[in-house]
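Let me begin by presenting the structure, written as structure tokens, before commenting on it.
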Amino acid sequence: MTLLKKEAVYLGAELDNAIDAITLSGELLVSAGYAKKEYTDAMIKGFNDVGPYIVIAPGIAIPHSRPEKGALKTGFSLVRLKDPINFGHDKNDPVQLVCAITGTGNNGHIEMLQKIAIILGDREKHKQILEAKNFGDIAQIITI
Amino acid sequence: MYILSVCGMGFGTSLMLLMDIQSMAKEHGYTVDGEATDLGSAKGKNCDLMVASSEIAAELSDENVPIVSIDNLLDKNEIKEKILPMIEKLYKGV
């Protein structure tokens, strides 16, 4: 059983700014049934208010907001950008993977976050995600 | 000892960071208590150490406790190299 849904993955997005990338990652959460539309707005507000800290590692951003901002279930979406985008982070720009996260309780998403961190923190898997041709390939790599 | 991990909302990156720190500390025989929190609540809170991503750490520079700034939150080596010495120091009380 994988948490990753086909509706929540978009490979090769052609976008040119961080807000559009976060918006797309939020729209995927909505189509996969993980969040309401307002959650996307909250992620954008978070990015505007607190800045590019969501770029947690080189090339990887994890937009998210708080559960009460419209999260429906614990889940995540994955956007792979065709061309990397600058999010304004000193060290970790440019971003090519945008992995939006939702969680409903205070702790419900911890296990998922940990698994995502293990996958994205694994250089080989990170490389495989960048090279994957379709959802089938991604589903072989992200098995949570 | 008590570590405060801080992120923009106290929900995503700070939790990841805290879990990594606790499991790293455990591997080295230390028990670390802590809490993940958001930037606004972190200010002035009582703790031995604050840890945050580099972007957030810059906002905490006025605090009276040591602040560790992490650039790559997925890099367990960076976390270990920066935080383990601090934990050891706090445990030995020097």
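Labeling convention for the structure tokens: chains A, B, ... as they appear, residues from 1 per chain, ligands from 1 in order of appearance.
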Problem - Contact set, chain B to chain A: 8 Å, only C-alpha atoms, as a PyMOL selection string - result: chain B and resi 7-9+11-13+15-16+53-56+71-75
Practice task
For range 78-84 of chain B, list every protein, DNA or RNA residue within 12 Å, evaluated using only C-alpha atoms, and leave out those in the same chain fewer than 3 positions away; present the list as a ChimeraX atom specification.
Solution key: /A:57,121 /B:3,5,16-32,48-53,66-75,87-91
So that I can see what lies close to Leu28 in chain A, please list as a CSV table (one decimal) with all heavy atoms, in the first residue's frame the residues with an atom at most 12 Å from it, counting only C-alpha atoms and leaving out residues fewer than 3 positions away in the same chain.
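Final file, selection.csv:
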chain,number,residue,atom,x,y,z
A,4,LEU,N,1.5,7.2,-2.1
A,4,LEU,CA,1.7,8.0,-3.3
A,4,LEU,C,0.6,7.7,-4.3
A,4,LEU,O,0.4,6.6,-4.7
A,4,LEU,CB,3.1,7.7,-4.0
A,4,LEU,CG,3.5,8.5,-5.1
A,4,LEU,CD1,3.8,9.9,-4.7
A,4,LEU,CD2,4.6,7.9,-5.9
A,5,LYS,N,-0.1,8.8,-4.7
A,5,LYS,CA,-1.2,8.6,-5.7
A,5,LYS,C,-0.8,9.2,-7.0
A,5,LYS,O,-0.1,10.2,-7.1
A,5,LYS,CB,-2.5,9.3,-5.2
A,5,LYS,CG,-3.2,8.6,-4.1
A,5,LYS,CD,-4.5,9.3,-3.9
A,5,LYS,CE,-5.3,8.7,-2.7
A,5,LYS,NZ,-6.5,9.5,-2.5
A,6,LYS,N,-1.3,8.5,-8.1
A,6,LYS,CA,-0.9,9.0,-9.4
A,6,LYS,C,-1.4,10.4,-9.6
A,6,LYS,O,-0.7,11.3,-10.2
A,6,LYS,CB,-1.6,8.1,-10.5
A,6,LYS,CG,-1.0,8.2,-11.8
A,6,LYS,CD,-1.6,7.2,-12.8
A,6,LYS,CE,-0.9,7.4,-14.1
A,6,LYS,NZ,-1.4,6.5,-15.2
A,7,GLU,N,-2.6,10.8,-9.1
A,7,GLU,CA,-3.1,12.2,-9.3
A,7,GLU,C,-2.2,13.2,-8.6
A,7,GLU,O,-2.3,14.4,-8.8
A,7,GLU,CB,-4.5,12.3,-8.6
A,7,GLU,CG,-5.5,11.3,-9.1
A,7,GLU,CD,-5.6,10.1,-8.2
A,7,GLU,OE1,-4.6,9.3,-8.3
A,7,GLU,OE2,-6.6,9.9,-7.5
A,8,ALA,N,-1.3,12.7,-7.7
A,8,ALA,CA,-0.5,13.6,-6.9
A,8,ALA,C,0.9,13.8,-7.4
A,8,ALA,O,1.7,14.5,-6.8
A,8,ALA,CB,-0.4,13.1,-5.4
A,9,VAL,N,1.1,13.3,-8.6
A,9,VAL,CA,2.5,13.4,-9.2
A,9,VAL,C,2.4,14.1,-10.5
A,9,VAL,O,1.6,13.8,-11.4
A,9,VAL,CB,3.1,12.0,-9.4
A,9,VAL,CG1,4.5,12.1,-10.0
A,9,VAL,CG2,3.2,11.2,-8.0
A,10,TYR,N,3.3,15.0,-10.7
A,10,TYR,CA,3.4,15.7,-12.0
A,10,TYR,C,4.9,15.9,-12.4
A,10,TYR,O,5.7,16.5,-11.7
A,10,TYR,CB,2.8,17.1,-11.8
A,10,TYR,CG,2.5,17.9,-13.2
A,10,TYR,CD1,1.2,18.1,-13.6
A,10,TYR,CD2,3.6,18.3,-14.0
A,10,TYR,CE1,1.0,18.7,-14.8
A,10,TYR,CE2,3.3,18.9,-15.2
A,10,TYR,CZ,2.0,19.2,-15.6
A,10,TYR,OH,1.8,19.8,-16.8
A,11,LEU,N,5.2,15.2,-13.5
A,11,LEU,CA,6.6,15.2,-13.9
A,11,LEU,C,6.8,16.2,-15.1
A,11,LEU,O,6.0,16.2,-16.0
A,11,LEU,CB,7.1,13.8,-14.3
A,11,LEU,CG,7.0,12.8,-13.2
A,11,LEU,CD1,7.4,11.4,-13.8
A,11,LEU,CD2,7.8,13.1,-12.0
A,21,ALA,N,5.0,27.0,-8.6
A,21,ALA,CA,5.4,25.6,-8.3
A,21,ALA,C,4.6,25.2,-7.0
A,21,ALA,O,4.1,24.0,-7.0
A,21,ALA,CB,6.9,25.5,-8.1
A,22,ILE,N,4.5,26.0,-6.0
A,22,ILE,CA,3.8,25.7,-4.8
A,22,ILE,C,2.3,25.5,-5.1
A,22,ILE,O,1.7,24.6,-4.6
A,22,ILE,CB,4.0,26.8,-3.7
A,22,ILE,CG1,5.5,26.8,-3.3
A,22,ILE,CG2,3.1,26.5,-2.5
A,22,ILE,CD1,5.8,28.0,-2.4
A,23,THR,N,1.8,26.4,-6.0
A,23,THR,CA,0.4,26.3,-6.4
A,23,THR,C,0.1,24.9,-7.0
A,23,THR,O,-0.9,24.3,-6.7
A,23,THR,CB,0.0,27.4,-7.3
A,23,THR,OG1,0.3,28.7,-6.7
A,23,THR,CG2,-1.5,27.4,-7.7
A,24,LEU,N,0.9,24.5,-7.9
A,24,LEU,CA,0.7,23.3,-8.6
A,24,LEU,C,0.8,22.1,-7.6
A,24,LEU,O,0.0,21.2,-7.6
A,24,LEU,CB,1.8,23.1,-9.7
A,24,LEU,CG,1.7,21.7,-10.4
A,24,LEU,CD1,0.3,21.4,-11.1
A,24,LEU,CD2,2.8,21.6,-11.5
A,25,SER,N,1.8,22.2,-6.7
A,25,SER,CA,1.9,21.1,-5.7
A,25,SER,C,0.7,21.0,-4.8
A,25,SER,O,0.2,19.9,-4.4
A,25,SER,CB,3.2,21.3,-4.8
A,25,SER,OG,3.0,22.3,-3.9
A,31,SER,N,-6.4,17.4,-5.8
A,31,SER,CA,-7.0,16.3,-6.7
A,31,SER,C,-6.8,14.9,-6.1
A,31,SER,O,-7.6,14.0,-6.5
A,31,SER,CB,-6.5,16.4,-8.2
A,31,SER,OG,-5.1,16.8,-8.2
A,32,ALA,N,-5.8,14.8,-5.3
A,32,ALA,CA,-5.6,13.4,-4.7
A,32,ALA,C,-6.5,13.3,-3.4
A,32,ALA,O,-6.5,12.2,-2.8
A,32,ALA,CB,-4.2,13.2,-4.3
A,33,GLY,N,-7.2,14.3,-3.0
A,33,GLY,CA,-8.1,14.3,-1.9
A,33,GLY,C,-7.4,14.5,-0.5
A,33,GLY,O,-8.0,14.1,0.5
A,34,TYR,N,-6.2,15.0,-0.6
A,34,TYR,CA,-5.5,15.2,0.7
A,34,TYR,C,-5.8,16.5,1.4
A,34,TYR,O,-5.5,16.7,2.5
A,34,TYR,CB,-4.0,15.1,0.4
A,34,TYR,CG,-3.5,13.8,0.0
A,34,TYR,CD1,-2.5,13.7,-1.0
A,34,TYR,CD2,-3.9,12.6,0.6
A,34,TYR,CE1,-2.0,12.4,-1.4
A,34,TYR,CE2,-3.5,11.4,0.2
A,34,TYR,CZ,-2.5,11.3,-0.8
A,34,TYR,OH,-2.0,10.1,-1.2
A,35,ALA,N,-6.3,17.5,0.6
A,35,ALA,CA,-6.5,18.8,1.2
A,35,ALA,C,-7.5,19.6,0.4
A,35,ALA,O,-7.9,19.3,-0.7
A,35,ALA,CB,-5.2,19.6,1.1
A,36,LYS,N,-8.0,20.6,1.1
A,36,LYS,CA,-9.0,21.5,0.4
A,36,LYS,C,-8.2,22.7,-0.3
A,36,LYS,O,-7.0,22.9,0.1
A,36,LYS,CB,-9.9,22.2,1.4
A,36,LYS,CG,-10.8,21.2,2.1
A,36,LYS,CD,-11.8,22.0,3.0
A,36,LYS,CE,-12.0,21.3,4.3
A,36,LYS,NZ,-12.7,22.1,5.3
A,37,LYS,N,-8.8,23.4,-1.1
A,37,LYS,CA,-8.1,24.4,-1.9
A,37,LYS,C,-7.4,25.4,-0.9
A,37,LYS,O,-6.4,25.9,-1.2
A,37,LYS,CB,-9.1,25.1,-2.8
A,37,LYS,CG,-8.4,25.9,-3.9
A,37,LYS,CD,-9.3,26.8,-4.7
A,37,LYS,CE,-8.4,27.9,-5.4
A,37,LYS,NZ,-7.8,28.9,-4.5
A,39,TYR,N,-5.8,25.1,1.6
A,39,TYR,CA,-4.5,24.6,2.1
A,39,TYR,C,-3.4,25.2,1.2
A,39,TYR,O,-2.4,25.6,1.6
A,39,TYR,CB,-4.5,23.1,2.1
A,39,TYR,CG,-3.3,22.5,2.8
A,39,TYR,CD1,-3.2,22.4,4.2
A,39,TYR,CD2,-2.1,22.1,2.1
A,39,TYR,CE1,-2.1,21.9,4.9
A,39,TYR,CE2,-1.0,21.6,2.8
A,39,TYR,CZ,-1.0,21.5,4.2
A,39,TYR,OH,0.1,21.0,4.8
A,40,THR,N,-3.7,25.2,-0.2
A,40,THR,CA,-2.7,25.8,-1.1
A,40,THR,C,-2.5,27.2,-0.8
A,40,THR,O,-1.3,27.7,-0.8
A,40,THR,CB,-3.3,25.7,-2.5
A,40,THR,OG1,-3.6,24.3,-2.8
A,40,THR,CG2,-2.2,26.1,-3.6
A,75,GLY,N,-0.8,13.1,3.6
A,75,GLY,CA,-0.4,12.7,2.2
A,75,GLY,C,0.7,13.6,1.7
A,75,GLY,O,1.0,14.6,2.3
A,76,PHE,N,1.1,13.4,0.5
A,76,PHE,CA,2.0,14.3,-0.2
A,76,PHE,C,1.9,14.3,-1.7
A,76,PHE,O,1.3,13.4,-2.2
A,76,PHE,CB,3.5,14.0,0.2
A,76,PHE,CG,4.0,12.6,-0.3
A,76,PHE,CD1,4.7,12.6,-1.4
A,76,PHE,CD2,3.7,11.5,0.4
A,76,PHE,CE1,5.2,11.4,-1.9
A,76,PHE,CE2,4.2,10.3,-0.1
A,76,PHE,CZ,4.9,10.2,-1.2
A,77,SER,N,2.4,15.3,-2.3
A,77,SER,CA,2.4,15.4,-3.8
A,77,SER,C,3.8,15.6,-4.2
A,77,SER,O,4.7,16.1,-3.4
A,77,SER,CB,1.5,16.5,-4.2
A,77,SER,OG,2.0,17.8,-3.9
A,78,LEU,N,4.0,15.3,-5.5
A,78,LEU,CA,5.4,15.5,-6.0
A,78,LEU,C,5.3,16.2,-7.4
A,78,LEU,O,4.7,15.7,-8.3
A,78,LEU,CB,6.1,14.1,-6.2
A,78,LEU,CG,7.5,14.2,-6.8
A,78,LEU,CD1,8.5,14.7,-5.8
A,78,LEU,CD2,7.9,12.7,-7.2
A,79,VAL,N,6.0,17.3,-7.4
A,79,VAL,CA,6.2,18.0,-8.7
A,79,VAL,C,7.6,18.0,-9.1
A,79,VAL,O,8.5,18.4,-8.3
A,79,VAL,CB,5.7,19.5,-8.6
A,79,VAL,CG1,6.0,20.3,-9.9
A,79,VAL,CG2,4.2,19.6,-8.3
A,98,VAL,N,9.4,19.5,-5.9
A,98,VAL,CA,8.6,20.2,-4.9
A,98,VAL,C,7.6,19.1,-4.3
A,98,VAL,O,6.8,18.6,-5.1
A,98,VAL,CB,7.8,21.3,-5.6
A,98,VAL,CG1,6.9,22.1,-4.6
A,98,VAL,CG2,8.7,22.3,-6.3
A,99,CYS,N,7.7,18.9,-3.1
A,99,CYS,CA,7.0,17.8,-2.4
A,99,CYS,C,6.1,18.4,-1.3
A,99,CYS,O,6.6,18.6,-0.2
A,99,CYS,CB,8.0,16.8,-1.9
A,99,CYS,SG,7.4,15.3,-1.2
A,100,ALA,N,4.9,18.7,-1.7
A,100,ALA,CA,4.0,19.3,-0.7
A,100,ALA,C,3.4,18.2,0.3
A,100,ALA,O,3.2,17.1,-0.2
A,100,ALA,CB,2.8,20.0,-1.4
A,101,ILE,N,3.3,18.6,1.5
A,101,ILE,CA,2.9,17.6,2.5
A,101,ILE,C,1.7,18.1,3.3
A,101,ILE,O,1.5,19.3,3.6
A,101,ILE,CB,4.1,17.5,3.5
A,101,ILE,CG1,5.3,16.9,2.8
A,101,ILE,CG2,3.8,16.7,4.8
A,101,ILE,CD1,6.6,17.0,3.6
A,102,THR,N,0.8,17.1,3.6
A,102,THR,CA,-0.3,17.4,4.5
A,102,THR,C,-0.3,16.4,5.7
A,102,THR,O,0.2,15.3,5.6
A,102,THR,CB,-1.7,17.2,3.8
A,102,THR,OG1,-1.7,15.9,3.3
A,102,THR,CG2,-1.9,18.2,2.7
Exercise for the section: From a DSSP pass on the backbone, collect the residues of range 14-60 of chain B flagged as helix (DSSP H, G or I) and hand them back as a list in words. Expected result: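 Selecting the helix (DSSP H, G or I) positions of range 14-60 of chain B gives Ser14, Leu15, Met16, Leu17, Leu18, Met19, Asp20, Ile21, Gln22, Ser23, Met24, Ala25, Lys26, Glu27, Leu39, Gly40, Ser41, Ala42, Ser54, Glu55, Ile56, Ala57, Ala58, Glu59 and Leu60 of chain B.
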Can I get the selected residues back with N, CA, C and O atoms, as an mmCIF file, in the first residue's frame?
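Once written, result_25.cif looks like this:
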data_model
loop_
_atom_site.group_PDB
_atom_site.id
_atom_site.type_symbol
_atom_site.label_atom_id
_atom_site.label_comp_id
_atom_site.auth_asym_id
_atom_site.auth_seq_id
_atom_site.Cartn_x
_atom_site.Cartn_y
_atom_site.Cartn_z
ATOM 1 N N SER B 14 10.685 21.316 11.400
ATOM 2 C CA SER B 14 11.195 21.250 12.770
ATOM 3 C C SER B 14 10.994 19.849 13.356
ATOM 4 O O SER B 14 11.848 19.350 14.091
ATOM 5 N N LEU B 15 9.885 19.213 13.006
ATOM 6 C CA LEU B 15 9.645 17.853 13.496
ATOM 7 C C LEU B 15 10.657 16.877 12.907
ATOM 8 O O LEU B 15 11.186 16.008 13.593
ATOM 9 N N MET B 16 10.924 17.034 11.608
ATOM 10 C CA MET B 16 11.906 16.171 10.965
ATOM 11 C C MET B 16 13.252 16.305 11.654
ATOM 12 O O MET B 16 13.931 15.327 11.936
ATOM 13 N N LEU B 17 13.605 17.544 11.899
ATOM 14 C CA LEU B 17 14.891 17.844 12.514
ATOM 15 C C LEU B 17 14.980 17.235 13.918
ATOM 16 O O LEU B 17 15.968 16.589 14.258
ATOM 17 N N LEU B 18 13.920 17.418 14.688
ATOM 18 C CA LEU B 18 13.926 16.911 16.062
ATOM 19 C C LEU B 18 14.058 15.379 16.079
ATOM 20 O O LEU B 18 14.829 14.819 16.860
ATOM 21 N N MET B 19 13.332 14.721 15.174
ATOM 22 C CA MET B 19 13.411 13.260 15.131
ATOM 23 C C MET B 19 14.811 12.797 14.768
ATOM 24 O O MET B 19 15.330 11.843 15.342
ATOM 25 N N ASP B 20 15.411 13.486 13.805
ATOM 26 C CA ASP B 20 16.775 13.123 13.406
ATOM 27 C C ASP B 20 17.759 13.321 14.546
ATOM 28 O O ASP B 20 18.632 12.495 14.772
ATOM 29 N N ILE B 21 17.603 14.429 15.251
ATOM 30 C CA ILE B 21 18.514 14.725 16.357
ATOM 31 C C ILE B 21 18.364 13.674 17.452
ATOM 32 O O ILE B 21 19.346 13.151 17.973
ATOM 33 N N GLN B 22 17.097 13.337 17.767
ATOM 34 C CA GLN B 22 16.873 12.380 18.842
ATOM 35 C C GLN B 22 17.417 10.999 18.489
ATOM 36 O O GLN B 22 18.025 10.342 19.326
ATOM 37 N N SER B 23 17.238 10.587 17.223
ATOM 38 C CA SER B 23 17.743 9.254 16.898
ATOM 39 C C SER B 23 19.265 9.254 16.814
ATOM 40 O O SER B 23 19.918 8.297 17.223
ATOM 41 N N MET B 24 19.837 10.348 16.328
ATOM 42 C CA MET B 24 21.304 10.456 16.282
ATOM 43 C C MET B 24 21.872 10.433 17.707
ATOM 44 O O MET B 24 22.836 9.732 18.002
ATOM 45 N N ALA B 25 21.228 11.200 18.614
ATOM 46 C CA ALA B 25 21.709 11.277 19.993
ATOM 47 C C ALA B 25 21.628 9.899 20.660
ATOM 48 O O ALA B 25 22.549 9.475 21.371
ATOM 49 N N LYS B 26 20.539 9.210 20.384
ATOM 50 C CA LYS B 26 20.336 7.892 20.988
ATOM 51 C C LYS B 26 21.442 6.921 20.555
ATOM 52 O O LYS B 26 21.959 6.155 21.361
ATOM 53 N N GLU B 27 21.797 6.978 19.274
ATOM 54 C CA GLU B 27 22.870 6.121 18.767
ATOM 55 C C GLU B 27 24.172 6.359 19.524
ATOM 56 O O GLU B 27 25.020 5.482 19.593
ATOM 57 N N LEU B 39 8.500 29.664 14.716
ATOM 58 C CA LEU B 39 9.403 30.779 14.985
ATOM 59 C C LEU B 39 8.858 31.720 16.058
ATOM 60 O O LEU B 39 9.571 32.092 16.984
ATOM 61 N N GLY B 40 7.584 32.072 15.957
ATOM 62 C CA GLY B 40 7.000 33.015 16.907
ATOM 63 C C GLY B 40 7.036 32.488 18.334
ATOM 64 O O GLY B 40 7.390 33.208 19.268
ATOM 65 N N SER B 41 6.701 31.193 18.524
ATOM 66 C CA SER B 41 6.662 30.631 19.878
ATOM 67 C C SER B 41 8.048 30.338 20.417
ATOM 68 O O SER B 41 8.227 30.168 21.621
ATOM 69 N N ALA B 42 9.028 30.226 19.541
ATOM 70 C CA ALA B 42 10.368 29.830 19.984
ATOM 71 C C ALA B 42 11.052 30.930 20.772
ATOM 72 O O ALA B 42 11.804 30.664 21.710
ATOM 73 N N SER B 54 18.912 27.141 8.179
ATOM 74 C CA SER B 54 19.702 28.379 8.156
ATOM 75 C C SER B 54 18.831 29.623 8.018
ATOM 76 O O SER B 54 19.080 30.646 8.646
ATOM 77 N N GLU B 55 17.778 29.522 7.217
ATOM 78 C CA GLU B 55 16.895 30.667 7.006
ATOM 79 C C GLU B 55 16.252 31.128 8.307
ATOM 80 O O GLU B 55 16.098 32.307 8.571
ATOM 81 N N ILE B 56 15.815 30.145 9.105
ATOM 82 C CA ILE B 56 15.112 30.447 10.345
ATOM 83 C C ILE B 56 16.102 30.840 11.439
ATOM 84 O O ILE B 56 15.837 31.734 12.245
ATOM 85 N N ALA B 57 17.249 30.187 11.444
ATOM 86 C CA ALA B 57 18.249 30.459 12.486
ATOM 87 C C ALA B 57 18.632 31.939 12.493
ATOM 88 O O ALA B 57 18.846 32.529 13.559
ATOM 89 N N ALA B 58 18.684 32.532 11.315
ATOM 90 C CA ALA B 58 19.060 33.943 11.224
ATOM 91 C C ALA B 58 18.090 34.821 12.014
ATOM 92 O O ALA B 58 18.467 35.849 12.567
ATOM 93 N N GLU B 59 16.840 34.388 12.110
ATOM 94 C CA GLU B 59 15.816 35.154 12.820
ATOM 95 C C GLU B 59 15.910 34.993 14.334
ATOM 96 O O GLU B 59 15.250 35.684 15.087
ATOM 97 N N LEU B 60 16.699 34.002 14.776
ATOM 98 C CA LEU B 60 16.759 33.693 16.204
ATOM 99 C C LEU B 60 18.010 34.254 16.861
ATOM 100 O O LEU B 60 18.304 33.951 18.009
#
Exercise for the section: List every residue of chain A that DSSP, applied to the backbone of this structure, assigns to strand (DSSP E or B), and report them as a PyMOL selection string. Expected result: chain A and resi 9-13+35+55-57+60-61+64+71+75-76+78-85+95-98+101-102
Practice task
Calculate how many Å separate CA of Lys125 in chain A from CA of Leu3 in chain A, rounding to one decimal.
Solution key: 17.1 Å
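Between CA of Asn46 in chain B and CA of Met1 in chain B lies a distance of 10.9 Å.
For the pair CA of Ile142 in chain A and CA of Met112 in chain A, the interatomic distance is 11.3 Å.
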